[in-house]
$ cat entry.cif   # mmCIF, C-alpha atoms
data_structure
loop_
_atom_site.label_atom_id
_atom_site.label_comp_id
_atom_site.auth_asym_id
_atom_site.auth_seq_id
_atom_site.Cartn_x
_atom_site.Cartn_y
_atom_site.Cartn_z
CA MET A 1 -21.63 -18.07 -18.30
CA GLU A 2 -19.24 -21.01 -17.97
CA LEU A 3 -18.97 -21.46 -21.73
CA SER A 4 -18.30 -17.76 -22.39
CA ILE A 5 -15.60 -17.71 -19.68
CA LEU A 6 -13.98 -20.79 -21.20
CA LEU A 7 -14.11 -19.13 -24.61
CA ALA A 8 -12.59 -15.91 -23.22
CA GLU A 9 -9.77 -17.90 -21.64
CA GLN A 10 -9.09 -19.77 -24.88
CA ILE A 11 -9.15 -16.61 -27.02
CA THR A 12 -6.77 -14.94 -24.55
CA ALA A 13 -4.42 -17.94 -24.76
CA MET A 14 -4.58 -17.74 -28.56
CA PHE A 15 -3.93 -14.00 -28.39
CA LEU A 16 -0.78 -14.67 -26.34
CA THR A 17 0.34 -17.12 -29.04
CA MET A 18 -0.29 -14.37 -31.60
CA ALA A 19 1.79 -12.01 -29.43
CA VAL A 20 4.69 -14.49 -29.56
CA GLY A 21 4.54 -14.37 -33.37
CA TYR A 22 4.52 -10.57 -33.25
CA VAL A 23 7.50 -10.42 -30.87
CA ILE A 24 9.75 -12.87 -32.73
CA VAL A 25 9.39 -10.72 -35.86
CA LYS A 26 9.89 -7.46 -33.96
CA ILE A 27 13.15 -8.68 -32.37
CA GLY A 28 14.43 -9.96 -35.72
CA LEU A 29 14.39 -13.67 -34.91
CA PHE A 30 12.11 -14.24 -37.92
CA LYS A 31 10.83 -12.15 -40.79
CA THR A 32 7.19 -11.52 -41.69
CA GLU A 33 7.83 -13.40 -44.95
CA ASP A 34 8.70 -16.52 -42.90
CA SER A 35 5.06 -16.72 -41.83
CA LYS A 36 4.24 -18.06 -45.30
CA VAL A 37 5.89 -21.39 -44.43
CA VAL A 38 3.80 -21.77 -41.27
CA SER A 39 0.72 -20.54 -43.13
CA ASN A 40 1.20 -23.22 -45.79
CA LEU A 41 1.45 -25.86 -43.06
CA VAL A 42 -1.84 -24.63 -41.58
CA VAL A 43 -3.66 -24.45 -44.92
CA TYR A 44 -2.33 -27.64 -46.52
CA ILE A 45 -1.76 -29.96 -43.53
CA PHE A 46 -3.11 -28.92 -40.13
CA SER A 47 -6.56 -27.64 -41.16
CA PRO A 48 -7.35 -30.51 -43.59
CA CYS A 49 -6.26 -33.04 -40.96
CA THR A 50 -8.55 -31.43 -38.38
CA ILE A 51 -11.48 -31.55 -40.80
CA ILE A 52 -10.90 -35.18 -41.84
CA ASN A 53 -10.50 -36.19 -38.20
CA SER A 54 -13.81 -34.49 -37.33
CA PHE A 55 -15.62 -36.85 -39.73
CA GLN A 56 -14.22 -39.92 -37.98
CA ILE A 57 -17.43 -40.40 -36.04
CA GLU A 58 -20.31 -42.84 -36.13
CA LEU A 59 -22.71 -42.39 -39.06
CA THR A 60 -26.13 -41.59 -37.67
CA GLN A 61 -29.25 -39.93 -39.01
CA ASP A 62 -28.85 -37.46 -36.18
CA LYS A 63 -25.41 -36.32 -37.42
CA ILE A 64 -26.61 -36.03 -41.03
CA GLN A 65 -29.59 -33.91 -39.98
CA GLY A 66 -27.36 -31.72 -37.81
CA LEU A 67 -24.89 -31.14 -40.65
CA GLY A 68 -27.75 -30.37 -43.04
CA MET A 69 -29.11 -27.79 -40.62
CA ALA A 70 -25.66 -26.21 -40.23
CA VAL A 71 -25.26 -25.96 -44.03
CA LEU A 72 -28.71 -24.39 -44.46
CA VAL A 73 -28.15 -21.87 -41.68
CA SER A 74 -24.69 -21.00 -43.06
CA ILE A 75 -26.19 -20.30 -46.50
CA VAL A 76 -28.91 -18.08 -44.99
CA VAL A 77 -26.33 -16.23 -42.84
CA HIS A 78 -24.12 -15.42 -45.83
CA ALA A 79 -27.09 -14.40 -47.96
CA ALA A 80 -28.32 -12.09 -45.19
CA MET A 81 -24.88 -10.49 -44.73
CA ILE A 82 -24.46 -9.94 -48.47
CA VAL A 83 -27.91 -8.32 -48.78
CA LEU A 84 -27.51 -6.20 -45.64
CA THR A 85 -24.06 -5.00 -46.73
CA ARG A 86 -25.47 -4.09 -50.13
CA LEU A 87 -28.16 -1.99 -48.41
CA LEU A 88 -25.55 -0.23 -46.24
CA GLU A 89 -23.14 0.37 -49.12
CA LYS A 90 -24.40 3.80 -50.20
CA PRO A 91 -25.47 5.24 -46.80
CA LEU A 92 -22.08 4.36 -45.24
CA GLY A 93 -19.96 4.77 -48.39
CA LEU A 94 -18.49 1.26 -48.11
CA ASN A 95 -15.73 0.38 -50.57
CA SER A 96 -15.00 -3.10 -51.94
CA ILE A 97 -12.43 -4.04 -49.27
CA GLU A 98 -14.75 -2.93 -46.48
CA LYS A 99 -17.72 -4.86 -47.88
CA ALA A 100 -15.71 -8.06 -48.24
CA SER A 101 -14.25 -7.67 -44.74
CA ILE A 102 -17.72 -7.22 -43.24
CA ILE A 103 -19.20 -10.25 -44.99
CA TYR A 104 -16.40 -12.84 -44.75
CA THR A 105 -14.88 -14.09 -41.50
CA ASN A 106 -11.76 -15.86 -40.30
CA SER A 107 -13.82 -19.02 -39.78
CA GLY A 108 -10.99 -21.43 -40.53
CA TYR A 109 -7.95 -20.09 -38.69
CA LEU A 110 -9.84 -19.06 -35.56
CA VAL A 111 -13.06 -21.06 -35.25
CA ILE A 112 -11.79 -24.62 -35.86
CA PRO A 113 -9.26 -24.46 -32.99
CA LEU A 114 -11.79 -22.67 -30.77
CA VAL A 115 -14.50 -25.26 -31.34
CA SER A 116 -12.02 -28.12 -30.92
CA THR A 117 -10.70 -26.78 -27.61
CA VAL A 118 -13.87 -25.34 -26.03
CA LEU A 119 -16.60 -27.74 -27.20
CA GLY A 120 -14.58 -30.79 -28.19
CA GLU A 121 -13.24 -32.30 -31.39
CA LYS A 122 -16.52 -33.94 -32.41
CA TRP A 123 -18.11 -30.50 -32.87
CA VAL A 124 -15.52 -29.49 -35.51
CA PHE A 125 -17.67 -31.69 -37.77
CA TYR A 126 -20.24 -28.86 -37.94
CA THR A 127 -17.67 -26.14 -38.73
CA THR A 128 -17.19 -27.71 -42.15
CA ALA A 129 -20.67 -26.46 -43.14
CA PHE A 130 -19.83 -22.78 -42.70
CA ILE A 131 -16.30 -23.15 -44.11
CA THR A 132 -17.53 -24.92 -47.25
CA VAL A 133 -20.25 -22.32 -47.93
CA GLN A 134 -17.84 -19.45 -47.30
CA THR A 135 -15.05 -20.94 -49.44
CA VAL A 136 -17.37 -21.20 -52.44
CA LEU A 137 -18.62 -17.63 -51.94
CA VAL A 138 -15.18 -16.10 -51.26
CA TRP A 139 -13.75 -17.38 -54.55
CA THR A 140 -16.82 -16.28 -56.53
CA HIS A 141 -18.63 -13.36 -54.94
CA GLY A 142 -15.66 -12.28 -52.78
CA VAL A 143 -13.18 -12.17 -55.67
CA SER A 144 -15.70 -10.32 -57.82
CA LEU A 145 -16.30 -7.84 -54.99
CA VAL A 146 -12.63 -7.07 -54.28
CA ASN A 147 -11.70 -7.02 -57.97
CA CYS A 148 -14.72 -4.82 -58.81
CA GLY A 149 -15.55 -7.22 -61.62
CA HIS A 150 -17.13 -10.57 -62.30
CA GLU A 151 -14.18 -12.94 -62.26
CA LYS A 152 -14.87 -16.25 -60.56
CA ASP A 153 -12.02 -18.63 -59.74
CA TYR A 154 -13.65 -22.07 -59.78
CA LYS A 155 -10.25 -23.77 -59.75
CA LYS A 156 -9.50 -22.14 -56.39
CA ILE A 157 -12.81 -23.48 -55.06
CA PHE A 158 -12.35 -27.12 -56.02
CA LEU A 159 -8.64 -27.22 -55.21
CA ASN A 160 -9.06 -25.53 -51.84
CA PRO A 161 -7.55 -27.88 -49.20
CA ASN A 162 -10.54 -27.42 -46.87
CA ILE A 163 -12.98 -28.41 -49.63
CA ILE A 164 -10.87 -31.45 -50.58
CA ALA A 165 -10.60 -32.47 -46.91
CA THR A 166 -14.37 -32.06 -46.47
CA VAL A 167 -15.06 -34.30 -49.50
CA ILE A 168 -12.62 -36.95 -48.23
CA GLY A 169 -14.08 -36.72 -44.73
CA LEU A 170 -17.64 -37.01 -46.05
CA ILE A 171 -16.77 -40.07 -48.15
CA LEU A 172 -15.17 -41.78 -45.13
CA PHE A 173 -18.11 -40.74 -42.94
CA MET A 174 -20.85 -41.92 -45.34
CA ALA A 175 -18.99 -45.16 -46.15
CA GLU A 176 -18.40 -45.71 -42.42
CA ILE A 177 -14.68 -46.18 -43.00
CA ARG A 178 -12.54 -45.71 -39.90
CA LEU A 179 -8.88 -44.94 -40.43
CA PRO A 180 -6.26 -47.34 -39.00
CA VAL A 181 -5.00 -46.35 -35.54
CA VAL A 182 -1.54 -45.33 -36.79
CA ILE A 183 -2.93 -43.07 -39.54
CA ASP A 184 -5.60 -41.69 -37.21
CA SER A 185 -2.96 -40.81 -34.60
CA CYS A 186 -0.86 -39.05 -37.25
CA ILE A 187 -3.83 -37.02 -38.52
CA SER A 188 -4.92 -36.14 -34.97
CA GLY A 189 -1.39 -35.03 -34.13
CA PHE A 190 -1.26 -32.65 -37.09
CA GLY A 191 -4.77 -31.41 -36.30
CA ASN A 192 -3.77 -30.53 -32.74
CA MET A 193 -1.18 -28.08 -34.11
CA ILE A 194 -3.73 -25.86 -35.85
CA SER A 195 -4.44 -23.50 -32.94
CA PRO A 196 -0.89 -22.36 -32.03
CA ALA A 197 0.25 -22.39 -35.66
CA SER A 198 -2.73 -20.32 -36.87
CA MET A 199 -2.25 -17.61 -34.27
CA LEU A 200 1.53 -17.61 -34.73
CA VAL A 201 0.96 -16.80 -38.41
CA ILE A 202 -1.33 -13.86 -37.62
CA GLY A 203 1.20 -12.50 -35.13
CA MET A 204 4.07 -12.81 -37.60
CA VAL A 205 2.05 -11.14 -40.37
CA ILE A 206 1.49 -8.02 -38.24
CA GLY A 207 5.06 -8.08 -36.91
CA ASN A 208 6.15 -5.27 -39.21
CA VAL A 209 3.00 -3.20 -38.73
CA ASP A 210 2.97 -0.05 -36.59
CA LEU A 211 0.09 -0.90 -34.23
CA LEU A 212 -0.23 2.72 -33.04
CA TRP A 213 -0.78 3.77 -36.65
CA VAL A 214 -3.30 0.95 -37.11
CA PHE A 215 -5.44 2.08 -34.18
CA ARG A 216 -5.44 5.68 -35.42
CA GLN A 217 -7.45 4.65 -38.51
CA LYS A 218 -10.89 5.92 -37.44
CA ARG A 219 -12.83 4.49 -40.39
CA VAL A 220 -11.86 0.94 -39.39
CA TYR A 221 -13.76 1.25 -36.09
CA LEU A 222 -17.01 1.46 -38.07
CA ILE A 223 -16.12 -1.66 -40.08
CA CYS A 224 -15.18 -3.56 -36.90
CA PHE A 225 -18.45 -2.44 -35.27
CA LEU A 226 -20.43 -3.93 -38.16
CA ARG A 227 -18.30 -7.12 -38.36
CA LEU A 228 -18.02 -7.81 -34.62
CA ILE A 229 -21.11 -6.24 -33.01
CA ALA A 230 -23.96 -5.23 -35.34
CA TYR A 231 -24.12 -8.35 -37.54
CA PRO A 232 -23.37 -10.71 -34.61
CA LEU A 233 -26.22 -9.23 -32.55
CA ILE A 234 -28.67 -9.82 -35.40
CA ALA A 235 -27.38 -13.38 -35.77
CA THR A 236 -27.53 -14.04 -32.02
CA PHE A 237 -31.19 -13.05 -31.64
CA SER A 238 -32.09 -14.94 -34.82
CA PHE A 239 -30.24 -18.10 -33.75
CA ALA A 240 -31.74 -17.98 -30.25
CA ALA A 241 -35.24 -17.80 -31.74
CA LEU A 242 -34.41 -20.67 -34.12
CA GLY A 243 -32.89 -22.70 -31.29
CA HIS A 244 -36.15 -22.72 -29.35
CA MET A 245 -38.00 -24.31 -32.28
CA GLY A 246 -36.46 -27.68 -31.45
CA PHE A 247 -35.42 -28.86 -34.93
CA HIS A 248 -32.62 -30.99 -33.45
CA HIS A 249 -31.73 -32.03 -29.92
CA ASP A 250 -28.26 -30.47 -30.37
CA THR A 251 -29.63 -27.31 -32.02
CA GLU A 252 -28.20 -24.98 -29.36
CA TYR A 253 -24.61 -26.13 -29.88
CA ILE A 254 -24.82 -26.64 -33.65
CA LEU A 255 -26.04 -23.05 -33.95
CA LEU A 256 -23.34 -21.94 -31.49
CA VAL A 257 -20.67 -23.37 -33.82
CA VAL A 258 -22.19 -21.46 -36.76
CA LEU A 259 -22.53 -18.36 -34.56
CA TRP A 260 -18.82 -18.42 -33.66
CA ALA A 261 -17.97 -18.61 -37.35
CA THR A 262 -20.36 -15.71 -38.00
CA ILE A 263 -18.98 -13.42 -35.27
CA ALA A 264 -15.29 -14.14 -35.97
CA PRO A 265 -12.96 -11.32 -37.09
CA ALA A 266 -12.55 -10.29 -40.74
CA ALA A 267 -11.13 -12.97 -43.03
CA ALA A 268 -7.37 -12.88 -43.55
CA MET A 269 -8.12 -14.24 -47.05
CA ILE A 270 -9.41 -10.78 -48.07
CA THR A 271 -5.88 -9.39 -47.65
CA GLN A 272 -4.47 -12.17 -49.83
CA ILE A 273 -7.10 -11.61 -52.54
CA ALA A 274 -6.40 -7.85 -52.42
CA GLN A 275 -2.71 -8.60 -52.97
CA ILE A 276 -3.48 -10.84 -55.95
CA TYR A 277 -5.62 -8.19 -57.68
CA ASN A 278 -3.50 -5.18 -56.67
CA ARG A 279 -6.16 -3.64 -54.43
CA ASP A 280 -5.61 -1.95 -51.07
CA ALA A 281 -4.07 -4.94 -49.25
CA LYS A 282 -2.65 -2.71 -46.51
CA TYR A 283 -6.12 -1.42 -45.61
CA ALA A 284 -7.46 -4.99 -45.65
CA SER A 285 -4.72 -6.08 -43.24
CA VAL A 286 -5.49 -3.13 -40.92
CA ILE A 287 -9.13 -4.23 -40.71
CA ASN A 288 -8.01 -7.80 -40.05
CA VAL A 289 -5.58 -6.82 -37.28
CA MET A 290 -8.05 -4.57 -35.45
CA SER A 291 -10.89 -7.08 -35.70
CA VAL A 292 -8.65 -9.86 -34.31
CA VAL A 293 -7.74 -7.70 -31.31
CA PHE A 294 -11.32 -6.59 -30.63
CA CYS A 295 -12.75 -10.12 -30.93
CA ILE A 296 -11.02 -10.99 -27.66
CA ALA A 297 -13.82 -9.04 -25.97
CA THR A 298 -16.69 -9.27 -28.47
CA MET A 299 -16.80 -13.05 -29.02
CA PRO A 300 -17.13 -14.00 -25.32
CA LEU A 301 -19.73 -11.23 -24.76
CA ILE A 302 -21.82 -12.33 -27.75
CA THR A 303 -21.53 -15.94 -26.53
CA LEU A 304 -22.69 -14.86 -23.05
CA LEU A 305 -25.71 -13.15 -24.60
CA TYR A 306 -26.50 -16.27 -26.64
CA GLU A 307 -26.19 -18.49 -23.54
CA SER A 308 -28.54 -16.25 -21.56
CA MET A 309 -31.30 -16.87 -24.11
CA PHE A 310 -31.45 -20.62 -23.44
#

$ encode --input "entry.cif" --output "structure tokens"
Amino acid sequence: MELSILLAEQITAMFLTMAVGYVIVKIGLFKTEDSKVVSNLVVYIFSPCTIINSFQIELTQDKIQGLGMAVLVSIVVHAAMIVLTRLLEKPLGLNSIEKASIIYTNSGYLVIPLVSTVLGEKWVFYTTAFITVQTVLVWTHGVSLVNCGHEKDYKKIFLNPNIIATVIGLILFMAEIRLPVVIDSCISGFGNMISPASMLVIGMVIGNVDLLWVFRQKRVYLICFLRLIAYPLIATFSFAALGHMGFHHDTEYILLVVLWATIAPAAAMITQIAQIYNRDAKYASVINVMSVVFCIATMPLITLLYESMF
């Protein structure tokens, strides 16, 4: 209960930050296009710094096993969501944007700051597992899905800032190299900016969107139900069962980190990919906006259910 309340409070605080971004665009102080500058800061500086900083911990067999478990679970989760979405495609008439939005989550923008604030910075270490798996899949399977083809952008995978930061962090972690205090303080400082900056970007992006029109799109409620309730419930019961098998003494919280990444709102990256390939980017952004708003209630409730099983 305590953890879910803390999560609800943090998501609400992040929502208020998002509201600030929305308001400053609405009143004309900034333009939606200005969000690109902040977004670039998040993608190229704040997020990589957070990831690198999360690897500045003692090298232990325990940590390696925990990360391995998080990677394995993240792969299984994505495989399950891809297969399940494929099975639901015809019965529900899902289009390419809907399928991608159901499968891929906003695990970077939302989950890293949540984990850092609610559980502590050392747990961000385990978010890299889900982010790495998803990044590879988004720029292969995700691009192919949205573009209705088979194009795979390997350059985007290997040059993705999160992947580069993960590789650097892993090298430092495995070599047991600790950064000098001055550099560490600089990286930590940038990392601490990720939460407000991430939510400010989302708020600014939707600043020129008619929210009343957004919430009148009935089809999106089905997509949000699948993304925020149906799939998360399956994951929650599966993770709870796995957690009781005792593979690792921190299994409950390692799986909780992966669970938060799994139950997060639809990935904002889907909108960007839709823009690149001239697909329905507006529809993708509508799904993203509604899922972000609804996750304020769904994420704490799913977390409460998960907690009750331990």

$ residues_around --input "entry.cif" --residues "A:Ala230" --least-positions-apart "2" --cutoff "12 Å" --atoms "only C-alpha atoms" --output "PyMOL selection string"
chain A and resi 81+84-85+102-103+222-228+232-237+262-263+298+302

$ write_last_selection --input "entry.cif" --atoms "C-alpha atoms" --output "PDB file, in the frame of the given file"
ATOM      1  CA  MET A  81     -24.880 -10.490 -44.730  1.00  0.00           C
ATOM      2  CA  LEU A  84     -27.510  -6.200 -45.640  1.00  0.00           C
ATOM      3  CA  THR A  85     -24.060  -5.000 -46.730  1.00  0.00           C
ATOM      4  CA  ILE A 102     -17.720  -7.220 -43.240  1.00  0.00           C
ATOM      5  CA  ILE A 103     -19.200 -10.250 -44.990  1.00  0.00           C
ATOM      6  CA  LEU A 222     -17.010   1.460 -38.070  1.00  0.00           C
ATOM      7  CA  ILE A 223     -16.120  -1.660 -40.080  1.00  0.00           C
ATOM      8  CA  CYS A 224     -15.180  -3.560 -36.900  1.00  0.00           C
ATOM      9  CA  PHE A 225     -18.450  -2.440 -35.270  1.00  0.00           C
ATOM     10  CA  LEU A 226     -20.430  -3.930 -38.160  1.00  0.00           C
ATOM     11  CA  ARG A 227     -18.300  -7.120 -38.360  1.00  0.00           C
ATOM     12  CA  LEU A 228     -18.020  -7.810 -34.620  1.00  0.00           C
ATOM     13  CA  PRO A 232     -23.370 -10.710 -34.610  1.00  0.00           C
ATOM     14  CA  LEU A 233     -26.220  -9.230 -32.550  1.00  0.00           C
ATOM     15  CA  ILE A 234     -28.670  -9.820 -35.400  1.00  0.00           C
ATOM     16  CA  ALA A 235     -27.380 -13.380 -35.770  1.00  0.00           C
ATOM     17  CA  THR A 236     -27.530 -14.040 -32.020  1.00  0.00           C
ATOM     18  CA  PHE A 237     -31.190 -13.050 -31.640  1.00  0.00           C
ATOM     19  CA  THR A 262     -20.360 -15.710 -38.000  1.00  0.00           C
ATOM     20  CA  ILE A 263     -18.980 -13.420 -35.270  1.00  0.00           C
ATOM     21  CA  THR A 298     -16.690  -9.270 -28.470  1.00  0.00           C
ATOM     22  CA  ILE A 302     -21.820 -12.330 -27.750  1.00  0.00           C
TER      23      ILE A 302
END

$ resolve_selection --input "entry.cif" --expression "the PyMOL selection byres ((chain A and resi 78) around 10)" --output "list in words"
Val73, Ser74, Ile75, Val76, Val77, Ala79, Ala80, Met81, Ile82, Val83, Leu84, Ile103, Tyr104, Phe130, Val133, Gln134, Leu137 and Thr262 of chain A

$ atom_distance --input "entry.cif" --atom1 "atom CA of A:Gly108" --atom2 "atom CA of A:Met18"
15.6 Å

$ resolve_selection --input "entry.cif" --expression "the PyMOL selection byres ((chain A and resi 23) around 12)" --output "ChimeraX atom specification"
/A:16-22,24-32,200-209

$ residues_around --input "entry.cif" --residues "stretch 241-246 of chain A" --least-positions-apart "6" --cutoff "9 Å" --atoms "all atoms listed in the file" --output "list of chain:residue names"
A:Glu252, A:Leu255, A:Met309, A:Phe310

$ residues_around --input "entry.cif" --residues "stretch 156-162 of chain A" --least-positions-apart "6" --cutoff "9 Å" --atoms "only C-alpha atoms" --output "list of chain:residue names"
A:Val43, A:Tyr44, A:Ile45, A:Ser47, A:Pro48, A:Ile51, A:Gly108, A:Thr128, A:Ile131, A:Thr132, A:Thr135, A:Val136, A:Leu137, A:Val138, A:Trp139, A:Thr140

$ closest_atom_pairs --input "entry.cif" --of "stretch 112-185 of chain A" --to "stretch 86-99 of chain A" --cutoff "8 Å" --atoms "all atoms listed in the file" --output "CSV"
residue,atom,partner,partner_atom,distance
A:Leu145,CA,A:Ser96,CA,5.8
A:Val146,CA,A:Ser96,CA,5.2
A:Asn147,CA,A:Ser96,CA,7.9
A:Cys148,CA,A:Ser96,CA,7.1

$ write_last_selection --input "entry.cif" --atoms "C-alpha atoms" --output "PDB file, keeping the file's coordinate frame"
ATOM      1  CA  LEU A 145     -16.300  -7.840 -54.990  1.00  0.00           C
ATOM      2  CA  VAL A 146     -12.630  -7.070 -54.280  1.00  0.00           C
ATOM      3  CA  ASN A 147     -11.700  -7.020 -57.970  1.00  0.00           C
ATOM      4  CA  CYS A 148     -14.720  -4.820 -58.810  1.00  0.00           C
TER       5      CYS A 148
END

$ resolve_selection --input "entry.cif" --expression "the PyMOL selection byres ((chain A and resi 279-290) around 9)" --output "PyMOL selection string"
chain A and resi 97-98+101+106+146-147+202+205-206+209+211+214-215+217+220-221+223-224+265-268+270-278+291-295

$ axis_aligned_box --input "entry.cif" --around "stretch 231-245 of chain A" --padding-each-side "4 Å" --output "AutoDock Vina command-line options"
--center_x -30.7 --center_y -16.3 --center_z -33.4 --size_x 22.6 --size_y 24.0 --size_z 16.2

$ atom_distance --input "entry.cif" --atom1 "atom CA of A:Glu33" --atom2 "atom CA of A:Ile112"
24.4 Å

$ residues_around --input "entry.cif" --residues "A:Ser195" --least-positions-apart "6" --cutoff "10 Å" --atoms "only C-alpha atoms" --output "list of chain:residue names"
A:Ala13, A:Met14, A:Thr17, A:Val42, A:Phe46, A:Ser47, A:Tyr109, A:Leu110, A:Val111, A:Ile112, A:Pro113, A:Leu114, A:Ser116, A:Thr117

$ write_last_selection --input "entry.cif" --atoms "C-alpha atoms" --output "PDB file, in the coordinates of the input"
ATOM      1  CA  ALA A  13      -4.420 -17.940 -24.760  1.00  0.00           C
ATOM      2  CA  MET A  14      -4.580 -17.740 -28.560  1.00  0.00           C
ATOM      3  CA  THR A  17       0.340 -17.120 -29.040  1.00  0.00           C
ATOM      4  CA  VAL A  42      -1.840 -24.630 -41.580  1.00  0.00           C
ATOM      5  CA  PHE A  46      -3.110 -28.920 -40.130  1.00  0.00           C
ATOM      6  CA  SER A  47      -6.560 -27.640 -41.160  1.00  0.00           C
ATOM      7  CA  TYR A 109      -7.950 -20.090 -38.690  1.00  0.00           C
ATOM      8  CA  LEU A 110      -9.840 -19.060 -35.560  1.00  0.00           C
ATOM      9  CA  VAL A 111     -13.060 -21.060 -35.250  1.00  0.00           C
ATOM     10  CA  ILE A 112     -11.790 -24.620 -35.860  1.00  0.00           C
ATOM     11  CA  PRO A 113      -9.260 -24.460 -32.990  1.00  0.00           C
ATOM     12  CA  LEU A 114     -11.790 -22.670 -30.770  1.00  0.00           C
ATOM     13  CA  SER A 116     -12.020 -28.120 -30.920  1.00  0.00           C
ATOM     14  CA  THR A 117     -10.700 -26.780 -27.610  1.00  0.00           C
TER      15      THR A 117
END

$ atom_distance --input "entry.cif" --atom1 "atom CA of A:Ala129" --atom2 "atom CA of A:Ala70"
5.8 Å

$ closest_residue --input "entry.cif" --among "A:Cys49, A:Ile296, A:Val257, A:Leu305" --to "A:Ser188" --atoms "only C-alpha atoms"
A:Cys49

$ residues_around --input "entry.cif" --residues "A:Phe125" --least-positions-apart "4" --cutoff "9 Å" --atoms "only C-alpha atoms" --output "JSON, numbers by chain"
{"A": [51, 52, 53, 54, 55, 56, 57, 67, 121, 129]}

$ closest_residue --input "entry.cif" --among "A:Ser238, A:Ser198, A:Gln61, A:Thr127" --to "A:Tyr253" --atoms "only C-alpha atoms"
A:Thr127

$ closest_residue --input "entry.cif" --among "A:Val182, A:Thr303, A:Thr105, A:Ile64" --to "A:Ala8" --atoms "only C-alpha atoms"
A:Thr303

$ closest_residue --input "entry.cif" --among "A:Ile194, A:Ile164, A:Leu6, A:Ile11" --to "A:Ala297" --atoms "only C-alpha atoms"
A:Ile11

$ closest_residue --input "entry.cif" --among "A:Ile177, A:Glu9, A:Arg219, A:Ala100" --to "A:Val143" --atoms "only C-alpha atoms"
A:Ala100

$ decode --input "entry.cif" --residues "stretch 172-217 of chain A" --atoms "C-alpha atoms" --output "PDB file, in the first residue's frame"
ATOM      1  CA  LEU A 172      32.578   1.063 -16.165  1.00  0.00           C
ATOM      2  CA  PHE A 173      30.576  -1.377 -14.031  1.00  0.00           C
ATOM      3  CA  MET A 174      32.388  -4.540 -15.201  1.00  0.00           C
ATOM      4  CA  ALA A 175      35.813  -2.845 -15.026  1.00  0.00           C
ATOM      5  CA  GLU A 176      34.933  -1.500 -11.562  1.00  0.00           C
ATOM      6  CA  ILE A 177      35.846   2.030 -12.629  1.00  0.00           C
ATOM      7  CA  ARG A 178      34.374   4.760 -10.436  1.00  0.00           C
ATOM      8  CA  LEU A 179      34.127   8.220 -11.916  1.00  0.00           C
ATOM      9  CA  PRO A 180      35.969  11.102 -10.204  1.00  0.00           C
ATOM     10  CA  VAL A 181      33.822  13.037  -7.723  1.00  0.00           C
ATOM     11  CA  VAL A 182      33.607  16.161  -9.912  1.00  0.00           C
ATOM     12  CA  ILE A 183      32.479  14.204 -13.000  1.00  0.00           C
ATOM     13  CA  ASP A 184      30.131  12.053 -10.922  1.00  0.00           C
ATOM     14  CA  SER A 185      28.503  15.166  -9.433  1.00  0.00           C
ATOM     15  CA  CYS A 186      28.049  16.659 -12.910  1.00  0.00           C
ATOM     16  CA  ILE A 187      26.455  13.468 -14.266  1.00  0.00           C
ATOM     17  CA  SER A 188      24.207  13.117 -11.201  1.00  0.00           C
ATOM     18  CA  GLY A 189      23.110  16.731 -11.565  1.00  0.00           C
ATOM     19  CA  PHE A 190      22.057  16.231 -15.177  1.00  0.00           C
ATOM     20  CA  GLY A 191      20.369  12.938 -14.270  1.00  0.00           C
ATOM     21  CA  ASN A 192      18.265  14.640 -11.602  1.00  0.00           C
ATOM     22  CA  MET A 193      16.718  16.867 -14.291  1.00  0.00           C
ATOM     23  CA  ILE A 194      15.155  13.996 -16.228  1.00  0.00           C
ATOM     24  CA  SER A 195      11.823  13.865 -14.386  1.00  0.00           C
ATOM     25  CA  PRO A 196      10.670  17.517 -14.707  1.00  0.00           C
ATOM     26  CA  ALA A 197      12.170  17.883 -18.178  1.00  0.00           C
ATOM     27  CA  SER A 198      10.518  14.699 -19.500  1.00  0.00           C
ATOM     28  CA  MET A 199       7.061  15.670 -18.305  1.00  0.00           C
ATOM     29  CA  LEU A 200       7.502  19.273 -19.456  1.00  0.00           C
ATOM     30  CA  VAL A 201       8.130  17.947 -22.976  1.00  0.00           C
ATOM     31  CA  ILE A 202       4.956  15.838 -22.963  1.00  0.00           C
ATOM     32  CA  GLY A 203       2.928  18.820 -21.737  1.00  0.00           C
ATOM     33  CA  MET A 204       4.359  21.123 -24.402  1.00  0.00           C
ATOM     34  CA  VAL A 205       3.740  18.555 -27.156  1.00  0.00           C
ATOM     35  CA  ILE A 206       0.013  18.407 -26.343  1.00  0.00           C
ATOM     36  CA  GLY A 207      -0.185  22.177 -25.811  1.00  0.00           C
ATOM     37  CA  ASN A 208      -1.815  22.741 -29.195  1.00  0.00           C
ATOM     38  CA  VAL A 209      -4.127  19.729 -28.953  1.00  0.00           C
ATOM     39  CA  ASP A 210      -7.851  20.107 -28.248  1.00  0.00           C
ATOM     40  CA  LEU A 211      -8.182  17.784 -25.237  1.00  0.00           C
ATOM     41  CA  LEU A 212     -11.985  17.676 -25.515  1.00  0.00           C
ATOM     42  CA  TRP A 213     -11.612  16.383 -29.066  1.00  0.00           C
ATOM     43  CA  VAL A 214      -9.017  13.851 -27.892  1.00  0.00           C
ATOM     44  CA  PHE A 215     -11.325  12.350 -25.281  1.00  0.00           C
ATOM     45  CA  ARG A 216     -14.165  12.052 -27.798  1.00  0.00           C
ATOM     46  CA  GLN A 217     -12.179   9.461 -29.793  1.00  0.00           C
TER      47      GLN A 217
END
